[in-house]
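Trainee: Quick one: this structure, given as structure tokens, is what I'll be asking you about.
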Amino acid sequence: MKAIRFFIVLIFIISCNNDKEEITPISFSEKKYDEAFQLIEYWLNAQKDYENIPGLTAMVGDEKGVVWSQAFGMANENDEMKIENTFSICSISKLFTSVAIMKLVEEKKISLEDPIEKLLPWFDLKQQFKDSPPITIKSILTHSSGLPRESNHPYWSWPDFPFPTKEEVVQELNNQETLYPSSKYYQYSNLGLSLLGFVVEEVSGESFEEYINKNILSPLNMNKTKPFMSRQEYGGILSVGYSSINRKRNREKVKFFNADGIAAAAGFTSNVEDLAKFAAWQIQLLKSLEKNIITSNSLKEMHKVNWDDELTSITRGLGFGVYNFNGETFVGHGGSCPGYRSQLYLNTEMEISYSVMINSSGTNPGKYIQGIHKILKKATENKSNTINKFKEIEGEYIAQPWGSETYIQSWGNHLAMLSIPTNSPDLTIYKKTGKDIFKRVLKNMELGETLEILKNEKDSVIGFKSHQNIYYKSK
């Protein structure tokens, strides 16, 4: 019986291993990604249309900065989106505030264990739990401080978004109280990170904007990034923000706002090229023993899980979110402000970074990053291989009424097929087996059903045939 069980288990293991898709490490120095980026651009542009998104920008980066970037759609009512266009990056602002705090910690001007009232003597928010540990800098960085999510003002409210000044944030503290004991639960807090911005000012003797510019943005040459929203740039280099989609499939223009007293938590503007510089700095720093703004040890601590919430399973570093996607660890942060969504992810082990920025609410830049990553991992062509081998077949095919469209593109010596729209770009790969004949490559690398390319009397591709059904090429 034991031998039979072992044999069954062995068969199961072999069958599972044979069912694995071909996934290869991402290496921009060793492999060619032109076709992958071509497919990514088609997919993102199509998704923009299907989701009625005004515009978006996207980048892939490595330790040197931007590897690939592209802009899609409109920056405002009249101008096409450009890669230089900036957006509100909202809560990605927290990463810069957190770096500033860690710099002050390294300089021994503050400690991660310092209670907030030690550094801000005027802090008078009510602690309603008598046995609560102190609200420390570290607990604020990990969003485990028990502080309320927001300052006592309705600044996320449509249509005016009345963000408070620093003075107004401070004045309302005594009308607020903690939600939980400190260091017990995860509670995301814009108020907490705003307070850390005030700590930077109190300890450094400089304004938050001056400190960030001098100590982080200027050294990293992030010359398009600002710790505020510029009214002068709004509608120009600063893209206009739009609302979530309504029942009429429209998005309304969102009023200009400035986060003001909440700037350290949500006030920055930037573009994907500058975030590529920020990500490249981190990748480089982790490979170096030299201090650059902060030390590599401090950045490692920021990227490490410092809080694992027992109720939500949310994991946080110091300022950074820590995410597990299919067994791969990423760090970064998202941003969601009125009219804007943005996301920055880094995988420092792979030495790769991603950012997507969208000038409308009710959208999800993170799903696009995960889709980009999935497509790149499927690329297998080495540097010497030619691209677009089947260019005459490439393009959009009509999938109605069952689907919207099918996109086919060269994929090295194969064809790649993608059904659009899709939140998760799963490619179907076909291998050429005869004149105008391709067969689907199964997960175990065996061949499946036939895809026949159809041509007219002029030998031009007009469609394809699969499972006896014909899908014509769009004109």
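Naming scheme: A, B, ... for chains in displayed order of the structure tokens; residues 1 onward per chain; ligands 1 onward as shown.
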Using only C-alpha atoms, which protein or nucleic acid residues come within 10 Å of region 218-234 of chain A? Drop anything in the same chain fewer than 5 positions from it, and give the result as a ChimeraX atom specification.

Mentor: /A:76,84-90,93,96-97,208-210,212-213,239-241,256-260,262-278,280-281,292-293

Trainee: Would you list the contacts of Pro338 (chain A) as a PyMOL selection string, taking every protein, DNA or RNA residue within 10 Å and counting only C-alpha atoms, but skipping same-chain residues closer than 5 positions in sequence?

Mentor: chain A and resi 88+90+155-161+241-244+253-257+359-362

Trainee: Would you pick out the contacts of region 169-180 of chain A at 7 Å or less, using only C-alpha atoms, so that residues sharing its chain but fewer than 4 positions from it are not included, and give the list as a list in words?

Mentor: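 Near neighbours after the sequence-gap exclusion: Asp124, Leu125, Lys126, Gln127, Gln128, Gly146, Leu147, Pro148, Ser151, Asn152, Pro164, Thr165 and Gly261 of chain A.
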
Trainee: Could you work out how far CA of Glu446 (chain A) lies from CA of Thr380 (chain A), giving the answer in Å with one decimal?

Mentor: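 Interatomic distance, CA of Thr380 (chain A) to CA of Glu446 (chain A): 17.4 Å.
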
Trainee: Please measure the separation of CA of Glu80 (chain A) and CA of Asp49 (chain A), giving the value in Å to one decimal.

Mentor: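 One can read the CA of Glu80 (chain A) to CA of Asp49 (chain A) distance as 14.1 Å.
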
Trainee: Ile137 (chain A): which residues within 12 Å, counting only C-alpha atoms, same-chain residues fewer than 6 positions away excluded, as an NGL selection string?

Mentor: :A and (97-98 or 101-102 or 104-105 or 110-120 or 143-145 or 147 or 182-183 or 192-200 or 318-319)

Trainee: When distances are computed from only C-alpha atoms, which of A:Asn469, A:Phe390, A:His373, A:Leu451 shows the smallest separation from Gly61 (chain A)?

Mentor: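 Going through A:Asn469, A:Phe390, A:His373, A:Leu451 one by one, the smallest distance to Gly61 (chain A) is for A:His373.
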